[in-house]
Amino acid sequence: MRRLSDATSHAASLLYYNAKTIGYVPFLIAVSCTVVISLIFNLRFITYTEMAQIGELYLSLLGIMLMPHLTIIEDADSIHETVYAKRKRHALTVSFRILQTVALLWLLILSVALLAGNQGGDFPMLELTGGSWISAVCLGAAGMTAATFSRNIAAAYMTGFLYYVLEMFTKGKYTGDFYLFSLLKGSFEPGKWLLAAGAAGLLAVNVAYVWRKS
C-alpha cells in the first residue's frame, strides 16, 4: 500500500509540474481551435468523407500546436541544468508530459467526433477518431524531433507545418504507405498502422535522447 501511495503521489506531482511548465496558453489555443472547428463546419448528418476531411486536414493540426515544444520547455526557462542534476531522470518527466499531451489530443478529437455523432453523423467513431489522432501525433512528433535535436522552437513548428503541406499537395507521392491523410482515401488503411508505429518510434527517439542527456 505504501508503494502504491508513493507512486500515486509521484504521478500527481508530475502531473502538476507538467501542467505548470507546459502552460495554459497552448491548451487554450488548442481548445479554442477545436471549438471553432466544431462551429464552422456543419456536423449535422455528416458523412465519412466529410468527417475524414475535418479530422485529418484540420484537427490533425492540434498536434503541431501542442507537442513540438515538450522536450525543450526547460530550455526556454533557463533551468535545464538544474533539471538534469535532479536525482530522478528528466526523461521520466518528459515521458509523462508526452503521455498527457497525446491523451489530451485524443480527447479533443473525440469531442468533435462525439458531437458529430450526436447530430446524426454516419461514420465509424473509433476509426475516424483514431485515424485523425494518429495523424495529429505524427505531426507533433515530427516537430518535437526537430526541437529536440536543434533546440530551436521555430524549426520545430516549421518542420511540422512543412510535413503537413508536403502531404497535402503531394498526396502521399513521396511517403507511400506512410501517407498522413489516408482516411481521405475512404478507409483506415494498413498504412495508418505504419504511421502510428513511425510516430511511436519518433517519440521513443526523443525520450531516449533526453534520457541520455539527463
# chains A, B, ... in the order shown; residues from 1 in each chain; ligands from 1
$ residues_around --residues "stretch 140-154 of chain A" --least-positions-apart "6" --cutoff "9 Å" --atoms "only C-alpha atoms" --output "list in words"
Ser60, Leu61, Leu62, Gly63, Ile64, Met65, Leu66, Met67, Pro68, His69, Leu70, Thr71, Ile72, Asp75, Gly160, Phe161, Tyr163, Ala199, Ala200, Leu202, Leu203, Val205, Asn206, Tyr209 and Val210 of chain A
$ residues_around --residues "A:Tyr48" --least-positions-apart "2" --cutoff "10 Å" --atoms "only C-alpha atoms" --output "PDB file with all heavy atoms, in the first residue's frame"
ATOM      1  N   PHE A  45     -25.583  15.318 -39.622  1.00  0.00           N
ATOM      2  CA  PHE A  45     -25.673  14.252 -40.630  1.00  0.00           C
ATOM      3  C   PHE A  45     -24.404  14.185 -41.488  1.00  0.00           C
ATOM      4  O   PHE A  45     -24.463  13.937 -42.693  1.00  0.00           O
ATOM      5  CB  PHE A  45     -26.898  14.455 -41.524  1.00  0.00           C
ATOM      6  CG  PHE A  45     -28.186  14.487 -40.773  1.00  0.00           C
ATOM      7  CD1 PHE A  45     -28.977  15.631 -40.752  1.00  0.00           C
ATOM      8  CD2 PHE A  45     -28.605  13.379 -40.044  1.00  0.00           C
ATOM      9  CE1 PHE A  45     -30.166  15.664 -40.037  1.00  0.00           C
ATOM     10  CE2 PHE A  45     -29.794  13.406 -39.322  1.00  0.00           C
ATOM     11  CZ  PHE A  45     -30.586  14.541 -39.316  1.00  0.00           C
ATOM     12  N   ILE A  46     -23.280  14.398 -40.869  1.00  0.00           N
ATOM     13  CA  ILE A  46     -22.015  14.414 -41.604  1.00  0.00           C
ATOM     14  C   ILE A  46     -21.647  13.000 -42.068  1.00  0.00           C
ATOM     15  O   ILE A  46     -21.948  12.007 -41.395  1.00  0.00           O
ATOM     16  CB  ILE A  46     -20.902  15.000 -40.705  1.00  0.00           C
ATOM     17  CG1 ILE A  46     -19.688  15.411 -41.543  1.00  0.00           C
ATOM     18  CG2 ILE A  46     -20.494  14.024 -39.606  1.00  0.00           C
ATOM     19  CD1 ILE A  46     -18.679  16.230 -40.758  1.00  0.00           C
ATOM     20  N   GLU A  50     -16.622  13.577 -45.214  1.00  0.00           N
ATOM     21  CA  GLU A  50     -16.613  14.924 -44.626  1.00  0.00           C
ATOM     22  C   GLU A  50     -15.932  14.923 -43.259  1.00  0.00           C
ATOM     23  O   GLU A  50     -15.150  15.824 -42.941  1.00  0.00           O
ATOM     24  CB  GLU A  50     -18.042  15.444 -44.498  1.00  0.00           C
ATOM     25  CG  GLU A  50     -18.720  15.715 -45.841  1.00  0.00           C
ATOM     26  CD  GLU A  50     -20.214  15.962 -45.699  1.00  0.00           C
ATOM     27  OE1 GLU A  50     -20.817  15.487 -44.710  1.00  0.00           O
ATOM     28  OE2 GLU A  50     -20.779  16.622 -46.585  1.00  0.00           O
ATOM     29  N   MET A  51     -16.201  13.902 -42.463  1.00  0.00           N
ATOM     30  CA  MET A  51     -15.574  13.820 -41.144  1.00  0.00           C
ATOM     31  C   MET A  51     -14.081  13.547 -41.271  1.00  0.00           C
ATOM     32  O   MET A  51     -13.271  14.052 -40.478  1.00  0.00           O
ATOM     33  CB  MET A  51     -16.245  12.725 -40.308  1.00  0.00           C
ATOM     34  CG  MET A  51     -15.848  12.743 -38.838  1.00  0.00           C
ATOM     35  SD  MET A  51     -16.345  14.303 -38.026  1.00  0.00           S
ATOM     36  CE  MET A  51     -15.186  14.323 -36.653  1.00  0.00           C
ATOM     37  N   ALA A  52     -13.690  12.755 -42.266  1.00  0.00           N
ATOM     38  CA  ALA A  52     -12.273  12.482 -42.502  1.00  0.00           C
ATOM     39  C   ALA A  52     -11.536  13.771 -42.867  1.00  0.00           C
ATOM     40  O   ALA A  52     -10.400  13.999 -42.432  1.00  0.00           O
ATOM     41  CB  ALA A  52     -12.113  11.445 -43.613  1.00  0.00           C
ATOM     42  N   GLN A  53     -12.171  14.610 -43.666  1.00  0.00           N
ATOM     43  CA  GLN A  53     -11.562  15.888 -44.037  1.00  0.00           C
ATOM     44  C   GLN A  53     -11.367  16.785 -42.815  1.00  0.00           C
ATOM     45  O   GLN A  53     -10.307  17.396 -42.648  1.00  0.00           O
ATOM     46  CB  GLN A  53     -12.430  16.596 -45.078  1.00  0.00           C
ATOM     47  CG  GLN A  53     -12.423  15.919 -46.436  1.00  0.00           C
ATOM     48  CD  GLN A  53     -13.388  16.571 -47.415  1.00  0.00           C
ATOM     49  OE1 GLN A  53     -14.316  17.275 -47.016  1.00  0.00           O
ATOM     50  NE2 GLN A  53     -13.181  16.318 -48.701  1.00  0.00           N
ATOM     51  N   GLY A 121     -24.408  12.091 -37.429  1.00  0.00           N
ATOM     52  CA  GLY A 121     -23.313  11.739 -38.324  1.00  0.00           C
ATOM     53  C   GLY A 121     -23.245  10.236 -38.563  1.00  0.00           C
ATOM     54  O   GLY A 121     -23.468   9.445 -37.650  1.00  0.00           O
ATOM     55  N   ASP A 122     -22.929   9.863 -39.790  1.00  0.00           N
ATOM     56  CA  ASP A 122     -22.874   8.451 -40.161  1.00  0.00           C
ATOM     57  C   ASP A 122     -21.438   8.077 -40.501  1.00  0.00           C
ATOM     58  O   ASP A 122     -21.003   8.194 -41.648  1.00  0.00           O
ATOM     59  CB  ASP A 122     -23.800   8.180 -41.355  1.00  0.00           C
ATOM     60  CG  ASP A 122     -23.819   6.705 -41.744  1.00  0.00           C
ATOM     61  OD1 ASP A 122     -23.452   5.869 -40.901  1.00  0.00           O
ATOM     62  OD2 ASP A 122     -24.186   6.411 -42.899  1.00  0.00           O
ATOM     63  N   PHE A 123     -20.689   7.638 -39.505  1.00  0.00           N
ATOM     64  CA  PHE A 123     -19.294   7.252 -39.708  1.00  0.00           C
ATOM     65  C   PHE A 123     -18.854   6.393 -38.524  1.00  0.00           C
ATOM     66  O   PHE A 123     -19.417   6.490 -37.431  1.00  0.00           O
ATOM     67  CB  PHE A 123     -18.390   8.487 -39.823  1.00  0.00           C
ATOM     68  CG  PHE A 123     -18.468   9.399 -38.624  1.00  0.00           C
ATOM     69  CD1 PHE A 123     -17.635   9.217 -37.519  1.00  0.00           C
ATOM     70  CD2 PHE A 123     -19.379  10.459 -38.586  1.00  0.00           C
ATOM     71  CE1 PHE A 123     -17.708  10.046 -36.415  1.00  0.00           C
ATOM     72  CE2 PHE A 123     -19.460  11.299 -37.486  1.00  0.00           C
ATOM     73  CZ  PHE A 123     -18.619  11.098 -36.390  1.00  0.00           C
ATOM     74  N   PRO A 124     -17.822   5.534 -38.714  1.00  0.00           N
ATOM     75  CA  PRO A 124     -17.302   4.710 -37.615  1.00  0.00           C
ATOM     76  C   PRO A 124     -16.509   5.588 -36.651  1.00  0.00           C
ATOM     77  O   PRO A 124     -15.455   6.128 -37.020  1.00  0.00           O
ATOM     78  CB  PRO A 124     -16.427   3.678 -38.318  1.00  0.00           C
ATOM     79  CG  PRO A 124     -16.058   4.312 -39.616  1.00  0.00           C
ATOM     80  CD  PRO A 124     -17.196   5.200 -40.002  1.00  0.00           C
ATOM     81  N   MET A 125     -16.983   5.741 -35.445  1.00  0.00           N
ATOM     82  CA  MET A 125     -16.422   6.678 -34.476  1.00  0.00           C
ATOM     83  C   MET A 125     -14.940   6.426 -34.188  1.00  0.00           C
ATOM     84  O   MET A 125     -14.106   7.321 -34.303  1.00  0.00           O
ATOM     85  CB  MET A 125     -17.226   6.605 -33.176  1.00  0.00           C
ATOM     86  CG  MET A 125     -16.822   7.594 -32.106  1.00  0.00           C
ATOM     87  SD  MET A 125     -17.341   9.274 -32.484  1.00  0.00           S
ATOM     88  CE  MET A 125     -19.135   9.092 -32.460  1.00  0.00           C
ATOM     89  N   GLU A 127     -12.713   4.592 -35.789  1.00  0.00           N
ATOM     90  CA  GLU A 127     -11.854   4.656 -36.967  1.00  0.00           C
ATOM     91  C   GLU A 127     -11.493   6.095 -37.321  1.00  0.00           C
ATOM     92  O   GLU A 127     -10.322   6.414 -37.551  1.00  0.00           O
ATOM     93  CB  GLU A 127     -12.544   3.993 -38.161  1.00  0.00           C
ATOM     94  CG  GLU A 127     -11.709   4.002 -39.440  1.00  0.00           C
ATOM     95  CD  GLU A 127     -12.373   3.228 -40.568  1.00  0.00           C
ATOM     96  OE1 GLU A 127     -13.018   2.203 -40.293  1.00  0.00           O
ATOM     97  OE2 GLU A 127     -12.242   3.667 -41.724  1.00  0.00           O
ATOM     98  N   LEU A 128     -12.473   6.962 -37.332  1.00  0.00           N
ATOM     99  CA  LEU A 128     -12.220   8.367 -37.680  1.00  0.00           C
ATOM    100  C   LEU A 128     -11.439   9.076 -36.582  1.00  0.00           C
ATOM    101  O   LEU A 128     -10.517   9.851 -36.859  1.00  0.00           O
ATOM    102  CB  LEU A 128     -13.536   9.086 -37.944  1.00  0.00           C
ATOM    103  CG  LEU A 128     -14.032   9.164 -39.397  1.00  0.00           C
ATOM    104  CD1 LEU A 128     -13.081   9.968 -40.261  1.00  0.00           C
ATOM    105  CD2 LEU A 128     -14.208   7.784 -39.991  1.00  0.00           C
ATOM    106  N   LEU A 183      -7.090   8.470 -44.497  1.00  0.00           N
ATOM    107  CA  LEU A 183      -8.544   8.378 -44.315  1.00  0.00           C
ATOM    108  C   LEU A 183      -9.292   9.040 -45.468  1.00  0.00           C
ATOM    109  O   LEU A 183     -10.424   8.670 -45.777  1.00  0.00           O
ATOM    110  CB  LEU A 183      -8.971   9.033 -43.001  1.00  0.00           C
ATOM    111  CG  LEU A 183      -8.610   8.316 -41.695  1.00  0.00           C
ATOM    112  CD1 LEU A 183      -9.118   9.124 -40.507  1.00  0.00           C
ATOM    113  CD2 LEU A 183      -9.164   6.913 -41.659  1.00  0.00           C
ATOM    114  N   LEU A 184      -8.654  10.013 -46.092  1.00  0.00           N
ATOM    115  CA  LEU A 184      -9.295  10.704 -47.209  1.00  0.00           C
ATOM    116  C   LEU A 184      -9.490   9.782 -48.407  1.00  0.00           C
ATOM    117  O   LEU A 184     -10.259  10.093 -49.312  1.00  0.00           O
ATOM    118  CB  LEU A 184      -8.461  11.920 -47.626  1.00  0.00           C
ATOM    119  CG  LEU A 184      -8.307  13.023 -46.571  1.00  0.00           C
ATOM    120  CD1 LEU A 184      -7.448  14.161 -47.108  1.00  0.00           C
ATOM    121  CD2 LEU A 184      -9.677  13.547 -46.142  1.00  0.00           C
ATOM    122  N   GLY A 186     -10.791   6.932 -48.076  1.00  0.00           N
ATOM    123  CA  GLY A 186     -12.036   6.223 -47.841  1.00  0.00           C
ATOM    124  C   GLY A 186     -12.009   5.104 -46.828  1.00  0.00           C
ATOM    125  O   GLY A 186     -13.040   4.482 -46.576  1.00  0.00           O
ATOM    126  N   SER A 187     -10.834   4.813 -46.222  1.00  0.00           N
ATOM    127  CA  SER A 187     -10.802   3.736 -45.234  1.00  0.00           C
ATOM    128  C   SER A 187      -9.564   3.860 -44.354  1.00  0.00           C
ATOM    129  O   SER A 187      -8.613   4.565 -44.690  1.00  0.00           O
ATOM    130  CB  SER A 187     -10.802   2.364 -45.925  1.00  0.00           C
ATOM    131  OG  SER A 187      -9.614   2.188 -46.673  1.00  0.00           O
TER     132      SER A 187
END
$ closest_residue --among "A:Ala91, A:Val36, A:Leu43, A:Val207" --to "A:Ala113" --atoms "only C-alpha atoms"
A:Leu43
$ atom_distance --atom1 "atom CA of A:Ala136" --atom2 "atom CA of A:Leu59"
7.2 Å
$ closest_residue --among "A:Thr93, A:Gly117, A:Ser38, A:Gly55" --to "A:Leu180" --atoms "only C-alpha atoms"
A:Gly55
$ select_by_dssp --residues "stretch 28-158 of chain A" --states "helix (DSSP H, G or I)" --output "VMD selection string"
chain A and resid 28 to 40 48 to 57 59 to 66 73 to 76 80 to 84 90 to 118 125 to 150 153 to 158
$ atom_distance --atom1 "atom CA of A:Ile73" --atom2 "atom CA of A:Ile109"
24.5 Å
$ atom_distance --atom1 "atom CA of A:Ala103" --atom2 "atom CA of A:Arg89"
22.2 Å
$ decode --residues "stretch 40-140 of chain A" --atoms "C-alpha atoms" --output "tab-separated table (two decimals), in the first residue's frame"
chain	number	residue	atom	x	y	z
A	40	ILE	CA	-17.58	26.48	-38.54
A	41	PHE	CA	-18.35	23.07	-40.02
A	42	ASN	CA	-21.85	21.70	-40.21
A	43	LEU	CA	-21.62	18.44	-38.27
A	44	ARG	CA	-25.27	17.56	-38.73
A	45	PHE	CA	-25.67	14.25	-40.63
A	46	ILE	CA	-22.01	14.41	-41.60
A	47	THR	CA	-20.62	11.60	-43.79
A	48	TYR	CA	-17.44	9.55	-43.53
A	49	THR	CA	-15.63	11.60	-46.18
A	50	GLU	CA	-16.61	14.92	-44.63
A	51	MET	CA	-15.57	13.82	-41.14
A	52	ALA	CA	-12.27	12.48	-42.50
A	53	GLN	CA	-11.56	15.89	-44.04
A	54	ILE	CA	-12.28	17.68	-40.75
A	55	GLY	CA	-10.22	15.20	-38.76
A	56	GLU	CA	-7.17	14.84	-40.95
A	57	LEU	CA	-6.96	18.28	-42.54
A	58	TYR	CA	-7.91	20.42	-39.53
A	59	LEU	CA	-7.94	18.56	-36.21
A	60	SER	CA	-4.56	16.98	-37.01
A	61	LEU	CA	-3.03	20.47	-36.75
A	62	LEU	CA	-3.63	20.30	-32.99
A	63	GLY	CA	-0.58	18.03	-32.83
A	64	ILE	CA	1.61	20.85	-34.12
A	65	MET	CA	0.11	23.25	-31.60
A	66	LEU	CA	0.58	21.05	-28.55
A	67	MET	CA	3.59	18.77	-29.00
A	68	PRO	CA	6.76	20.25	-30.58
A	69	HIS	CA	8.00	22.13	-27.50
A	70	LEU	CA	7.52	19.35	-24.94
A	71	THR	CA	11.19	18.31	-24.73
A	72	ILE	CA	12.67	21.82	-24.58
A	73	ILE	CA	10.35	23.67	-22.19
A	74	GLU	CA	13.06	23.88	-19.55
A	75	ASP	CA	15.47	25.35	-22.11
A	76	ALA	CA	13.19	28.33	-22.58
A	77	ASP	CA	13.02	28.80	-18.81
A	78	SER	CA	16.83	28.50	-18.48
A	79	ILE	CA	16.54	25.80	-15.82
A	80	HIS	CA	17.72	22.78	-17.82
A	81	GLU	CA	20.99	22.42	-15.92
A	82	THR	CA	19.11	22.20	-12.62
A	83	VAL	CA	16.63	19.72	-14.10
A	84	TYR	CA	19.34	17.42	-15.40
A	85	ALA	CA	21.06	17.48	-12.00
A	86	LYS	CA	18.00	16.05	-10.21
A	87	ARG	CA	18.08	12.53	-8.76
A	88	LYS	CA	15.12	11.39	-10.87
A	89	ARG	CA	15.80	11.38	-14.58
A	90	HIS	CA	14.26	14.23	-16.52
A	91	ALA	CA	13.30	11.74	-19.24
A	92	LEU	CA	10.62	10.33	-16.94
A	93	THR	CA	9.08	13.78	-16.62
A	94	VAL	CA	9.19	14.28	-20.39
A	95	SER	CA	7.64	10.85	-20.99
A	96	PHE	CA	4.77	11.65	-18.66
A	97	ARG	CA	4.39	15.05	-20.36
A	98	ILE	CA	4.11	13.40	-23.77
A	99	LEU	CA	1.51	10.91	-22.48
A	100	GLN	CA	-0.54	13.76	-21.02
A	101	THR	CA	-0.48	15.63	-24.30
A	102	VAL	CA	-1.34	12.73	-26.61
A	103	ALA	CA	-4.21	11.89	-24.24
A	104	LEU	CA	-5.42	15.49	-24.49
A	105	LEU	CA	-5.22	15.26	-28.29
A	106	TRP	CA	-7.39	12.14	-28.20
A	107	LEU	CA	-9.99	13.84	-26.02
A	108	LEU	CA	-10.16	16.95	-28.22
A	109	ILE	CA	-10.57	14.96	-31.43
A	110	LEU	CA	-13.03	12.58	-29.79
A	111	SER	CA	-15.14	15.52	-28.56
A	112	VAL	CA	-15.71	16.68	-32.14
A	113	ALA	CA	-16.48	13.14	-33.30
A	114	LEU	CA	-18.97	12.65	-30.46
A	115	LEU	CA	-20.63	15.97	-31.24
A	116	ALA	CA	-20.97	14.96	-34.88
A	117	GLY	CA	-22.28	11.53	-33.91
A	118	ASN	CA	-24.92	13.07	-31.64
A	119	GLN	CA	-26.10	15.19	-34.57
A	120	GLY	CA	-26.77	12.21	-36.79
A	121	GLY	CA	-23.31	11.74	-38.32
A	122	ASP	CA	-22.87	8.45	-40.16
A	123	PHE	CA	-19.29	7.25	-39.71
A	124	PRO	CA	-17.30	4.71	-37.61
A	125	MET	CA	-16.42	6.68	-34.48
A	126	LEU	CA	-13.22	4.88	-33.44
A	127	GLU	CA	-11.85	4.66	-36.97
A	128	LEU	CA	-12.22	8.37	-37.68
A	129	THR	CA	-11.11	9.44	-34.22
A	130	GLY	CA	-8.15	7.06	-34.17
A	131	GLY	CA	-7.00	7.90	-37.68
A	132	SER	CA	-7.15	11.65	-37.08
A	133	TRP	CA	-5.39	11.23	-33.74
A	134	ILE	CA	-2.55	9.24	-35.32
A	135	SER	CA	-2.05	12.00	-37.91
A	136	ALA	CA	-2.02	14.65	-35.17
A	137	VAL	CA	0.51	12.73	-33.07
A	138	CYS	CA	2.70	12.11	-36.11
A	139	LEU	CA	2.80	15.81	-36.99
A	140	GLY	CA	3.54	16.68	-33.38
